[in-house]
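Take a look at the structure set out below.
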Amino acid sequence: MSNEAKIFKYNTLSDVAVRFRSDLNDFNYVLVYAYNGTGKTRLSMEFKNRGRDTEANTRDTLYFNAFTEDLFYWDNDLENDTERVLKINADSNFFNGFKELALEEKIFGYLQRYAEFDFKIDYEEWHISFSKGEEDKIKISRGEENIFIWCVFLAICELVIDGAEAYSWVKYIYIDDPISSLDDNNAIAVASDLSQLLKKGKDRAKFIISSHHSLFFNVVCNELKKHACKRYFLHR
């Protein structure tokens, strides 16, 4: 059997999304390596849109990308400079069942692996406050914010895999560049933890992972190489 790579040419990202959906009829995972600027985030949205029926108000893809991070935004309390909180866009389907399922324990289980701060979710005001030691309502760094949001996403993925009714609509999970602000040590840890979760969830959903980070991508590839996995290099 030849190991020679095959080149497929497509006119639009929508056509690529159709190809991925076809691949996932036979594979559990599609892994995509691509440089920044080649359309990874736009591809993830094309894939999501392919599974959305606006008239029936149905969807089939839970996704993590730059748009996911935008569901969280800071209220820095500019007047008093004391009550800094991260607001949550509660209207998004991303947070289906968020309040009822109380995810703090699952989120913290991941967060303690990568960071050293605590958090509290206010489900009435839909915001999150952070603390370190005696300091409360602090503004965490952008890197810490990104890893916190990633841990929220992992906790929601666990709910999908465990069969939570609030996420029963999820057929595909599309993850685009989850580690853009992490150093190499955390990139390896995130890739390893994610791969274990993907293996656990292969009978509940199909997964697409895209990244420009070569170390992260290689770790995921190695973790999943014995499983039903399709790999691509996306070139503009």
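Convention: chains lettered A, B, ... in structure tokens order; per-chain residue numbering from 1; ligands numbered from 1 as shown.
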
| message | If we count only C-alpha atoms and set the cut-off at 8 Å, which residues sit around region 155-160 of chain A, ignoring sequence neighbours fewer than 2 positions away in its own chain? Please answer as an MDAnalysis selection string. | response | chainID A and resid 103 106:107 110 151:153 162:164 167:168 170 197 204

Next, the residues of the selection above should be written as a compact mmCIF listing (two decimals), in the first residue's frame with C-alpha atoms.
```txt
# COMPACT_ATOMS: atom_id res chain seq x y z
CA LEU A 103 -20.56 22.46 35.77
CA LYS A 106 -16.11 19.38 35.98
CA ILE A 107 -14.59 22.71 34.93
CA TYR A 110 -9.64 20.43 34.10
CA CYS A 151 -12.00 24.06 30.32
CA VAL A 152 -15.66 25.14 30.12
CA PHE A 153 -15.80 23.61 26.66
CA ASP A 162 -22.32 11.25 29.08
CA GLY A 163 -25.61 11.68 27.18
CA ALA A 164 -26.97 14.83 28.88
CA TYR A 167 -26.89 18.37 24.48
CA SER A 168 -28.66 15.47 22.78
CA VAL A 170 -24.86 17.20 19.18
CA LEU A 197 -11.70 12.62 25.89
CA ARG A 204 -21.37 9.35 21.11
```

| message | For Val190 (chain A), find every residue with an atom within 9 Å (counting only C-alpha atoms), except residues of its own chain fewer than 5 positions away, and show them as an MDAnalysis selection string. | response | chainID A and resid 114 178:179 185 195 216

| request: Extract, using only C-alpha atoms, all DNA, RNA and protein residues at most 10 Å from Asp193 (chain A), discarding same-chain residues fewer than 6 positions from it, and format them as a VMD selection string. | output: chain A and resid 110 113 154 187 220

| note | For Tyr174 (chain A), the closest of A:Ser141, A:Thr41, A:Asn36, A:Asn89 counting only C-alpha atoms is A:Thr41

| task | One decimal, Å: what's the distance from CA of Leu71 (chain A) over to CA of Ala34 (chain A), could you say? | result |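 Value for the CA of Leu71 (chain A)-CA of Ala34 (chain A) distance: 24.6 Å.
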
| request: Would you list, as a ChimeraX atom specification, the residues of region 52-193 of chain A that end up in alpha helix (DSSP H) under DSSP run on this structure's backbone? | output: /A:66-69,98-101,104-114,142-161,184-193

Create the file for the chosen residues now, containing N, CA and C atoms and written as a CSV table (one decimal), in the first residue's frame.
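Final output, saved to result39.csv:
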```csv
chain,number,residue,atom,x,y,z
A,66,ALA,N,-12.8,30.8,17.5
A,66,ALA,CA,-12.7,32.2,18.0
A,66,ALA,C,-14.0,32.8,18.3
A,67,PHE,N,-15.1,32.3,17.7
A,67,PHE,CA,-16.5,32.8,18.0
A,67,PHE,C,-16.9,32.3,19.4
A,68,THR,N,-16.5,31.1,19.8
A,68,THR,CA,-16.8,30.6,21.1
A,68,THR,C,-16.2,31.5,22.2
A,69,GLU,N,-15.0,31.9,22.0
A,69,GLU,CA,-14.3,32.8,23.0
A,69,GLU,C,-15.1,34.1,23.1
A,98,PHE,N,-26.7,24.9,31.1
A,98,PHE,CA,-25.6,25.3,31.8
A,98,PHE,C,-25.9,25.5,33.3
A,99,LYS,N,-27.0,26.2,33.5
A,99,LYS,CA,-27.5,26.5,34.9
A,99,LYS,C,-27.9,25.2,35.6
A,100,GLU,N,-28.7,24.4,35.0
A,100,GLU,CA,-29.3,23.2,35.6
A,100,GLU,C,-28.2,22.1,35.9
A,101,LEU,N,-27.2,22.1,35.1
A,101,LEU,CA,-26.3,21.0,35.2
A,101,LEU,C,-25.1,21.3,36.1
A,104,GLU,N,-19.4,23.5,37.7
A,104,GLU,CA,-18.2,23.9,38.4
A,104,GLU,C,-17.2,22.8,38.7
A,105,GLU,N,-17.7,21.7,39.1
A,105,GLU,CA,-16.8,20.6,39.5
A,105,GLU,C,-16.0,20.1,38.3
A,106,LYS,N,-16.8,19.9,37.2
A,106,LYS,CA,-16.1,19.4,36.0
A,106,LYS,C,-15.1,20.4,35.4
A,107,ILE,N,-15.5,21.7,35.4
A,107,ILE,CA,-14.6,22.7,34.9
A,107,ILE,C,-13.3,22.8,35.8
A,108,PHE,N,-13.5,22.8,37.1
A,108,PHE,CA,-12.3,22.8,38.0
A,108,PHE,C,-11.4,21.6,37.8
A,109,GLY,N,-12.0,20.5,37.6
A,109,GLY,CA,-11.2,19.3,37.4
A,109,GLY,C,-10.2,19.4,36.2
A,110,TYR,N,-10.6,20.1,35.2
A,110,TYR,CA,-9.6,20.4,34.1
A,110,TYR,C,-8.8,21.6,34.4
A,111,LEU,N,-9.4,22.7,35.0
A,111,LEU,CA,-8.6,23.9,35.2
A,111,LEU,C,-7.4,23.7,36.1
A,112,GLN,N,-7.5,22.9,37.2
A,112,GLN,CA,-6.4,22.7,38.1
A,112,GLN,C,-5.2,22.1,37.5
A,113,ARG,N,-5.4,21.5,36.3
A,113,ARG,CA,-4.2,20.9,35.6
A,113,ARG,C,-3.4,22.0,34.9
A,114,TYR,N,-4.0,23.1,34.6
A,114,TYR,CA,-3.3,24.1,33.7
A,114,TYR,C,-3.1,25.5,34.4
A,142,ARG,N,-5.0,37.2,29.6
A,142,ARG,CA,-5.7,36.7,28.4
A,142,ARG,C,-5.4,35.2,28.2
A,143,GLY,N,-4.2,34.8,28.5
A,143,GLY,CA,-3.9,33.3,28.5
A,143,GLY,C,-4.7,32.5,29.5
A,144,GLU,N,-4.9,33.0,30.7
A,144,GLU,CA,-5.7,32.4,31.7
A,144,GLU,C,-7.2,32.3,31.3
A,145,GLU,N,-7.6,33.4,30.7
A,145,GLU,CA,-9.0,33.5,30.3
A,145,GLU,C,-9.3,32.4,29.2
A,146,ASN,N,-8.3,32.3,28.2
A,146,ASN,CA,-8.5,31.3,27.2
A,146,ASN,C,-8.5,29.9,27.7
A,147,ILE,N,-7.6,29.6,28.7
A,147,ILE,CA,-7.6,28.3,29.2
A,147,ILE,C,-8.9,28.0,30.0
A,148,PHE,N,-9.4,29.0,30.7
A,148,PHE,CA,-10.6,28.8,31.4
A,148,PHE,C,-11.8,28.5,30.5
A,149,ILE,N,-11.9,29.2,29.4
A,149,ILE,CA,-13.0,29.0,28.4
A,149,ILE,C,-12.8,27.6,27.8
A,150,TRP,N,-11.6,27.2,27.6
A,150,TRP,CA,-11.3,25.9,27.0
A,150,TRP,C,-11.8,24.8,28.0
A,151,CYS,N,-11.6,25.0,29.3
A,151,CYS,CA,-12.0,24.1,30.3
A,151,CYS,C,-13.5,24.0,30.4
A,152,VAL,N,-14.2,25.1,30.2
A,152,VAL,CA,-15.7,25.1,30.1
A,152,VAL,C,-16.1,24.3,29.0
A,153,PHE,N,-15.4,24.4,27.8
A,153,PHE,CA,-15.8,23.6,26.7
A,153,PHE,C,-15.6,22.1,26.9
A,154,LEU,N,-14.5,21.8,27.5
A,154,LEU,CA,-14.2,20.3,27.8
A,154,LEU,C,-15.3,19.8,28.8
A,155,ALA,N,-15.7,20.6,29.7
A,155,ALA,CA,-16.8,20.1,30.6
A,155,ALA,C,-18.1,19.9,29.9
A,156,ILE,N,-18.4,20.7,28.9
A,156,ILE,CA,-19.6,20.6,28.1
A,156,ILE,C,-19.4,19.3,27.2
A,157,CYS,N,-18.2,19.1,26.7
A,157,CYS,CA,-18.0,17.9,25.9
A,157,CYS,C,-18.3,16.6,26.7
A,158,GLU,N,-17.9,16.7,28.0
A,158,GLU,CA,-18.2,15.6,28.9
A,158,GLU,C,-19.6,15.3,29.0
A,159,LEU,N,-20.4,16.4,29.1
A,159,LEU,CA,-21.9,16.2,29.2
A,159,LEU,C,-22.4,15.6,27.9
A,160,VAL,N,-21.9,16.0,26.8
A,160,VAL,CA,-22.3,15.4,25.5
A,160,VAL,C,-22.0,13.9,25.5
A,161,ILE,N,-20.8,13.5,25.9
A,161,ILE,CA,-20.4,12.1,25.9
A,161,ILE,C,-21.2,11.3,26.9
A,184,ASP,N,4.5,25.4,25.1
A,184,ASP,CA,4.6,24.0,24.6
A,184,ASP,C,4.2,23.0,25.7
A,185,ASN,N,4.6,23.2,26.9
A,185,ASN,CA,4.2,22.3,28.0
A,185,ASN,C,2.7,22.1,28.1
A,186,ASN,N,2.0,23.3,28.1
A,186,ASN,CA,0.5,23.2,28.2
A,186,ASN,C,-0.1,22.7,26.9
A,187,ALA,N,0.6,23.0,25.8
A,187,ALA,CA,0.1,22.4,24.5
A,187,ALA,C,0.1,20.9,24.5
A,188,ILE,N,1.1,20.3,25.0
A,188,ILE,CA,1.2,18.9,25.1
A,188,ILE,C,0.1,18.3,26.1
A,189,ALA,N,0.0,19.0,27.2
A,189,ALA,CA,-1.0,18.5,28.2
A,189,ALA,C,-2.4,18.6,27.7
A,190,VAL,N,-2.7,19.7,27.0
A,190,VAL,CA,-4.1,19.9,26.4
A,190,VAL,C,-4.3,18.9,25.4
A,191,ALA,N,-3.3,18.7,24.5
A,191,ALA,CA,-3.5,17.7,23.4
A,191,ALA,C,-3.7,16.3,24.0
A,192,SER,N,-3.0,15.9,25.0
A,192,SER,CA,-3.1,14.6,25.6
A,192,SER,C,-4.5,14.4,26.3
A,193,ASP,N,-4.9,15.4,27.1
A,193,ASP,CA,-6.2,15.4,27.7
A,193,ASP,C,-7.3,15.3,26.7
```

| query | Which residues, written as a PyMOL selection string, have at least one atom at most 7 Å from region 4-21 of chain A, with only C-alpha atoms counted and residues fewer than 4 positions away on the same chain left out? | reply | chain A and resi 25+43+46-47

Could you give me, as a short mmCIF file (atom, residue, chain, number, x, y, z; two decimals) with all heavy atoms, in the first residue's frame, each residue of region 8-199 of chain A that DSSP assigns to strand (DSSP E) when run on this structure's backbone?
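selection01.cif, freshly written:
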```cif
data_model
loop_
_atom_site.label_atom_id
_atom_site.label_comp_id
_atom_site.auth_asym_id
_atom_site.auth_seq_id
_atom_site.Cartn_x
_atom_site.Cartn_y
_atom_site.Cartn_z
N TYR A 29 -12.73 10.41 13.55
CA TYR A 29 -12.02 11.67 13.71
C TYR A 29 -11.49 12.16 12.36
O TYR A 29 -11.01 11.37 11.55
CB TYR A 29 -10.82 11.51 14.66
CG TYR A 29 -11.12 10.72 15.91
CD1 TYR A 29 -10.68 9.40 16.04
CD2 TYR A 29 -11.84 11.28 16.96
CE1 TYR A 29 -10.95 8.67 17.19
CE2 TYR A 29 -12.11 10.56 18.10
CZ TYR A 29 -11.67 9.25 18.21
OH TYR A 29 -11.93 8.52 19.34
N VAL A 30 -11.56 13.47 12.18
CA VAL A 30 -10.86 14.14 11.08
C VAL A 30 -9.92 15.16 11.71
O VAL A 30 -10.34 16.01 12.50
CB VAL A 30 -11.84 14.84 10.12
CG1 VAL A 30 -11.09 15.76 9.16
CG2 VAL A 30 -12.65 13.82 9.33
N LEU A 31 -8.63 15.06 11.39
CA LEU A 31 -7.62 15.98 11.92
C LEU A 31 -7.09 16.83 10.77
O LEU A 31 -6.75 16.31 9.71
CB LEU A 31 -6.47 15.21 12.56
CG LEU A 31 -6.83 14.18 13.63
CD1 LEU A 31 -5.56 13.52 14.18
CD2 LEU A 31 -7.63 14.82 14.75
N VAL A 32 -7.03 18.14 11.02
CA VAL A 32 -6.65 19.08 9.96
C VAL A 32 -5.52 19.98 10.46
O VAL A 32 -5.67 20.67 11.46
CB VAL A 32 -7.84 19.97 9.54
CG1 VAL A 32 -7.44 20.86 8.36
CG2 VAL A 32 -9.06 19.12 9.20
N TYR A 33 -4.39 19.94 9.74
CA TYR A 33 -3.30 20.88 10.02
C TYR A 33 -3.33 21.97 8.97
O TYR A 33 -3.45 21.69 7.76
CB TYR A 33 -1.95 20.18 10.01
CG TYR A 33 -0.81 21.12 10.32
CD1 TYR A 33 -0.54 21.48 11.64
CD2 TYR A 33 -0.02 21.65 9.30
CE1 TYR A 33 0.50 22.37 11.93
CE2 TYR A 33 1.01 22.53 9.59
CZ TYR A 33 1.26 22.89 10.90
OH TYR A 33 2.27 23.76 11.18
N ALA A 34 -3.22 23.23 9.39
CA ALA A 34 -3.24 24.35 8.44
C ALA A 34 -2.57 25.56 9.06
O ALA A 34 -2.68 25.79 10.26
CB ALA A 34 -4.68 24.69 8.05
N THR A 61 -23.93 20.51 15.39
CA THR A 61 -22.50 20.68 15.66
C THR A 61 -22.24 21.60 16.86
O THR A 61 -22.69 22.75 16.87
CB THR A 61 -21.79 21.27 14.42
OG1 THR A 61 -22.04 20.44 13.28
CG2 THR A 61 -20.29 21.36 14.66
N LEU A 62 -21.54 21.07 17.82
CA LEU A 62 -20.99 21.88 18.91
C LEU A 62 -19.57 22.25 18.52
O LEU A 62 -18.80 21.38 18.13
CB LEU A 62 -20.98 21.07 20.21
CG LEU A 62 -20.37 21.75 21.45
CD1 LEU A 62 -21.27 22.87 21.95
CD2 LEU A 62 -20.13 20.73 22.55
N TYR A 63 -19.24 23.54 18.57
CA TYR A 63 -17.94 23.94 18.07
C TYR A 63 -17.19 24.83 19.05
O TYR A 63 -17.78 25.53 19.86
CB TYR A 63 -18.05 24.66 16.72
CG TYR A 63 -18.87 25.94 16.74
CD1 TYR A 63 -18.25 27.17 16.97
CD2 TYR A 63 -20.24 25.91 16.52
CE1 TYR A 63 -19.00 28.34 16.99
CE2 TYR A 63 -20.98 27.08 16.54
CZ TYR A 63 -20.35 28.28 16.77
OH TYR A 63 -21.09 29.44 16.80
N PHE A 64 -15.87 24.75 18.94
CA PHE A 64 -14.98 25.64 19.69
C PHE A 64 -14.08 26.34 18.68
O PHE A 64 -13.31 25.69 17.96
CB PHE A 64 -14.12 24.87 20.69
CG PHE A 64 -13.19 25.75 21.48
CD1 PHE A 64 -13.57 26.24 22.72
CD2 PHE A 64 -11.94 26.12 20.98
CE1 PHE A 64 -12.72 27.06 23.45
CE2 PHE A 64 -11.09 26.94 21.71
CZ PHE A 64 -11.48 27.42 22.94
N PHE A 72 -17.82 35.12 25.79
CA PHE A 72 -17.41 35.62 27.10
C PHE A 72 -16.79 37.01 26.91
O PHE A 72 -15.97 37.20 26.02
CB PHE A 72 -16.37 34.69 27.72
CG PHE A 72 -16.83 33.26 27.92
CD1 PHE A 72 -16.81 32.36 26.86
CD2 PHE A 72 -17.25 32.82 29.16
CE1 PHE A 72 -17.22 31.05 27.03
CE2 PHE A 72 -17.66 31.51 29.35
CZ PHE A 72 -17.65 30.62 28.28
N TYR A 73 -17.17 37.96 27.75
CA TYR A 73 -16.64 39.32 27.61
C TYR A 73 -16.57 39.98 28.98
O TYR A 73 -17.37 39.69 29.87
CB TYR A 73 -17.50 40.15 26.65
CG TYR A 73 -18.96 40.22 27.02
CD1 TYR A 73 -19.48 41.31 27.71
CD2 TYR A 73 -19.83 39.17 26.69
CE1 TYR A 73 -20.82 41.36 28.07
CE2 TYR A 73 -21.17 39.22 27.04
CZ TYR A 73 -21.66 40.32 27.72
OH TYR A 73 -22.98 40.36 28.09
N TRP A 74 -15.61 40.88 29.15
CA TRP A 74 -15.32 41.45 30.47
C TRP A 74 -16.18 42.67 30.79
O TRP A 74 -16.42 43.52 29.93
CB TRP A 74 -13.85 41.86 30.57
CG TRP A 74 -12.95 40.70 30.81
CD1 TRP A 74 -12.23 40.00 29.88
CD2 TRP A 74 -12.68 40.08 32.07
NE1 TRP A 74 -11.53 38.98 30.48
CE2 TRP A 74 -11.77 39.01 31.82
CE3 TRP A 74 -13.10 40.32 33.38
CZ2 TRP A 74 -11.30 38.20 32.83
CZ3 TRP A 74 -12.62 39.51 34.39
CH2 TRP A 74 -11.73 38.46 34.11
N ASP A 75 -16.63 42.72 32.05
CA ASP A 75 -17.13 43.94 32.67
C ASP A 75 -16.06 44.33 33.69
O ASP A 75 -15.94 43.71 34.74
CB ASP A 75 -18.47 43.70 33.35
CG ASP A 75 -19.00 44.94 34.06
OD1 ASP A 75 -18.24 45.93 34.18
OD2 ASP A 75 -20.15 44.93 34.52
N VAL A 85 -15.70 41.15 36.41
CA VAL A 85 -16.30 39.83 36.16
C VAL A 85 -16.30 39.54 34.66
O VAL A 85 -16.32 40.46 33.83
CB VAL A 85 -17.73 39.73 36.71
CG1 VAL A 85 -17.74 39.83 38.23
CG2 VAL A 85 -18.63 40.80 36.09
N LEU A 86 -16.30 38.26 34.34
CA LEU A 86 -16.39 37.81 32.95
C LEU A 86 -17.85 37.47 32.66
O LEU A 86 -18.42 36.56 33.26
CB LEU A 86 -15.50 36.58 32.74
CG LEU A 86 -15.30 36.10 31.31
CD1 LEU A 86 -14.57 37.16 30.48
CD2 LEU A 86 -14.53 34.78 31.29
N LYS A 87 -18.47 38.23 31.76
CA LYS A 87 -19.88 38.04 31.44
C LYS A 87 -20.07 36.88 30.47
O LYS A 87 -19.18 36.56 29.67
CB LYS A 87 -20.46 39.31 30.82
CG LYS A 87 -20.28 40.57 31.69
CD LYS A 87 -21.27 40.59 32.84
CE LYS A 87 -22.68 40.92 32.36
NZ LYS A 87 -23.61 41.08 33.51
N ILE A 88 -21.24 36.24 30.56
CA ILE A 88 -21.59 35.10 29.71
C ILE A 88 -22.77 35.48 28.82
O ILE A 88 -23.77 36.01 29.31
CB ILE A 88 -21.98 33.87 30.55
CG1 ILE A 88 -20.88 33.51 31.55
CG2 ILE A 88 -22.30 32.68 29.66
CD1 ILE A 88 -21.32 32.46 32.56
N ASP A 118 -9.05 30.34 41.12
CA ASP A 118 -10.37 29.78 41.38
C ASP A 118 -11.42 30.65 40.71
O ASP A 118 -11.14 31.77 40.27
CB ASP A 118 -10.62 29.69 42.89
CG ASP A 118 -11.62 28.60 43.23
OD1 ASP A 118 -12.24 28.04 42.29
OD2 ASP A 118 -11.78 28.31 44.43
N PHE A 119 -12.65 30.17 40.67
CA PHE A 119 -13.71 30.91 40.00
C PHE A 119 -15.06 30.61 40.65
O PHE A 119 -15.21 29.60 41.35
CB PHE A 119 -13.78 30.54 38.52
CG PHE A 119 -14.24 29.12 38.27
CD1 PHE A 119 -15.57 28.83 38.02
CD2 PHE A 119 -13.33 28.07 38.32
CE1 PHE A 119 -15.99 27.52 37.81
CE2 PHE A 119 -13.74 26.76 38.12
CZ PHE A 119 -15.07 26.49 37.85
N LYS A 120 -16.01 31.46 40.41
CA LYS A 120 -17.37 31.26 40.89
C LYS A 120 -18.34 31.75 39.81
O LYS A 120 -18.18 32.85 39.28
CB LYS A 120 -17.62 32.03 42.19
CG LYS A 120 -19.00 31.83 42.78
CD LYS A 120 -19.16 32.59 44.09
CE LYS A 120 -20.56 32.35 44.68
NZ LYS A 120 -20.73 33.10 45.95
N ILE A 121 -19.34 30.93 39.49
CA ILE A 121 -20.33 31.27 38.47
C ILE A 121 -21.59 31.79 39.13
O ILE A 121 -22.15 31.13 40.01
CB ILE A 121 -20.66 30.07 37.58
CG1 ILE A 121 -19.40 29.52 36.90
CG2 ILE A 121 -21.70 30.45 36.52
CD1 ILE A 121 -19.62 28.26 36.10
N ASP A 122 -22.03 32.97 38.74
CA ASP A 122 -23.28 33.55 39.21
C ASP A 122 -24.33 33.30 38.14
O ASP A 122 -24.32 33.95 37.08
CB ASP A 122 -23.11 35.05 39.46
CG ASP A 122 -24.35 35.69 40.12
OD1 ASP A 122 -25.47 35.26 39.78
OD2 ASP A 122 -24.18 36.61 40.93
N HIS A 127 -22.51 35.77 35.11
CA HIS A 127 -21.12 36.18 35.02
C HIS A 127 -20.25 35.28 35.90
O HIS A 127 -20.75 34.53 36.73
CB HIS A 127 -20.95 37.67 35.37
CG HIS A 127 -21.21 38.01 36.80
ND1 HIS A 127 -22.00 39.07 37.18
CD2 HIS A 127 -20.79 37.45 37.98
CE1 HIS A 127 -22.04 39.15 38.50
NE2 HIS A 127 -21.32 38.17 39.00
N ILE A 128 -18.95 35.38 35.70
CA ILE A 128 -17.98 34.57 36.41
C ILE A 128 -16.98 35.49 37.08
O ILE A 128 -16.47 36.43 36.44
CB ILE A 128 -17.23 33.63 35.44
CG1 ILE A 128 -18.23 32.76 34.67
CG2 ILE A 128 -16.24 32.74 36.20
CD1 ILE A 128 -17.65 32.18 33.40
N SER A 129 -16.70 35.25 38.35
CA SER A 129 -15.69 36.01 39.07
C SER A 129 -14.52 35.09 39.39
O SER A 129 -14.68 33.88 39.57
CB SER A 129 -16.26 36.62 40.35
OG SER A 129 -16.78 35.60 41.20
N PHE A 130 -13.32 35.69 39.46
CA PHE A 130 -12.11 34.91 39.65
C PHE A 130 -11.37 35.39 40.90
O PHE A 130 -11.48 36.56 41.30
CB PHE A 130 -11.19 35.05 38.44
CG PHE A 130 -11.80 34.54 37.16
CD1 PHE A 130 -12.46 35.42 36.30
CD2 PHE A 130 -11.74 33.21 36.83
CE1 PHE A 130 -13.03 34.96 35.13
CE2 PHE A 130 -12.32 32.73 35.66
CZ PHE A 130 -12.97 33.62 34.80
N SER A 131 -10.61 34.47 41.50
CA SER A 131 -9.85 34.80 42.71
C SER A 131 -8.54 34.04 42.73
O SER A 131 -8.42 32.96 42.15
CB SER A 131 -10.67 34.48 43.96
OG SER A 131 -10.98 33.10 44.02
N LYS A 132 -7.55 34.65 43.42
CA LYS A 132 -6.28 33.99 43.70
C LYS A 132 -5.91 34.30 45.13
O LYS A 132 -5.74 35.47 45.50
CB LYS A 132 -5.18 34.52 42.77
CG LYS A 132 -5.19 33.99 41.36
CD LYS A 132 -3.97 34.49 40.58
CE LYS A 132 -3.96 33.95 39.17
NZ LYS A 132 -2.78 34.44 38.39
N GLU A 135 -7.10 37.49 47.05
CA GLU A 135 -7.59 38.46 46.07
C GLU A 135 -8.86 37.95 45.40
O GLU A 135 -8.89 36.83 44.91
CB GLU A 135 -6.52 38.75 45.02
CG GLU A 135 -5.26 39.39 45.53
CD GLU A 135 -4.30 39.66 44.40
OE1 GLU A 135 -3.50 38.75 44.09
OE2 GLU A 135 -4.36 40.76 43.82
N ASP A 136 -9.89 38.79 45.38
CA ASP A 136 -11.18 38.40 44.81
C ASP A 136 -11.56 39.36 43.69
O ASP A 136 -11.10 40.51 43.65
CB ASP A 136 -12.25 38.41 45.90
CG ASP A 136 -13.50 37.66 45.47
OD1 ASP A 136 -13.40 36.81 44.56
OD2 ASP A 136 -14.57 37.94 46.04
N TYR A 172 -21.79 16.20 15.97
CA TYR A 172 -20.38 16.47 15.67
C TYR A 172 -19.83 17.49 16.66
O TYR A 172 -20.53 18.40 17.08
CB TYR A 172 -20.23 17.05 14.26
CG TYR A 172 -20.80 16.18 13.16
CD1 TYR A 172 -22.02 16.50 12.57
CD2 TYR A 172 -20.12 15.06 12.71
CE1 TYR A 172 -22.55 15.73 11.56
CE2 TYR A 172 -20.64 14.27 11.69
CZ TYR A 172 -21.86 14.61 11.13
OH TYR A 172 -22.38 13.83 10.13
N ILE A 173 -18.55 17.34 16.99
CA ILE A 173 -17.84 18.34 17.80
C ILE A 173 -16.64 18.82 16.99
O ILE A 173 -15.77 18.02 16.63
CB ILE A 173 -17.40 17.76 19.15
CG1 ILE A 173 -18.63 17.36 19.98
CG2 ILE A 173 -16.55 18.76 19.92
CD1 ILE A 173 -18.30 16.74 21.33
N TYR A 174 -16.63 20.11 16.68
CA TYR A 174 -15.59 20.70 15.85
C TYR A 174 -14.74 21.63 16.71
O TYR A 174 -15.25 22.58 17.28
CB TYR A 174 -16.23 21.49 14.70
CG TYR A 174 -15.32 21.74 13.50
CD1 TYR A 174 -15.72 21.38 12.23
CD2 TYR A 174 -14.07 22.34 13.65
CE1 TYR A 174 -14.90 21.59 11.13
CE2 TYR A 174 -13.25 22.56 12.57
CZ TYR A 174 -13.66 22.19 11.30
OH TYR A 174 -12.85 22.41 10.22
N ILE A 175 -13.45 21.35 16.79
CA ILE A 175 -12.54 22.13 17.64
C ILE A 175 -11.46 22.75 16.77
O ILE A 175 -10.70 22.04 16.11
CB ILE A 175 -11.91 21.23 18.72
CG1 ILE A 175 -12.99 20.59 19.59
CG2 ILE A 175 -10.93 22.02 19.57
CD1 ILE A 175 -12.48 19.52 20.53
N ASP A 176 -11.40 24.08 16.78
CA ASP A 176 -10.41 24.80 15.99
C ASP A 176 -9.45 25.55 16.89
O ASP A 176 -9.85 26.45 17.63
CB ASP A 176 -11.11 25.78 15.03
CG ASP A 176 -10.13 26.66 14.29
OD1 ASP A 176 -9.19 26.11 13.68
OD2 ASP A 176 -10.30 27.90 14.32
#
```

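Residue nearest Cys221 (chain A) within the list A:Leu198, A:Ala205, A:Ile140, A:Leu234: A:Leu198 [criterion: smallest interatomic distance, only C-alpha atoms].
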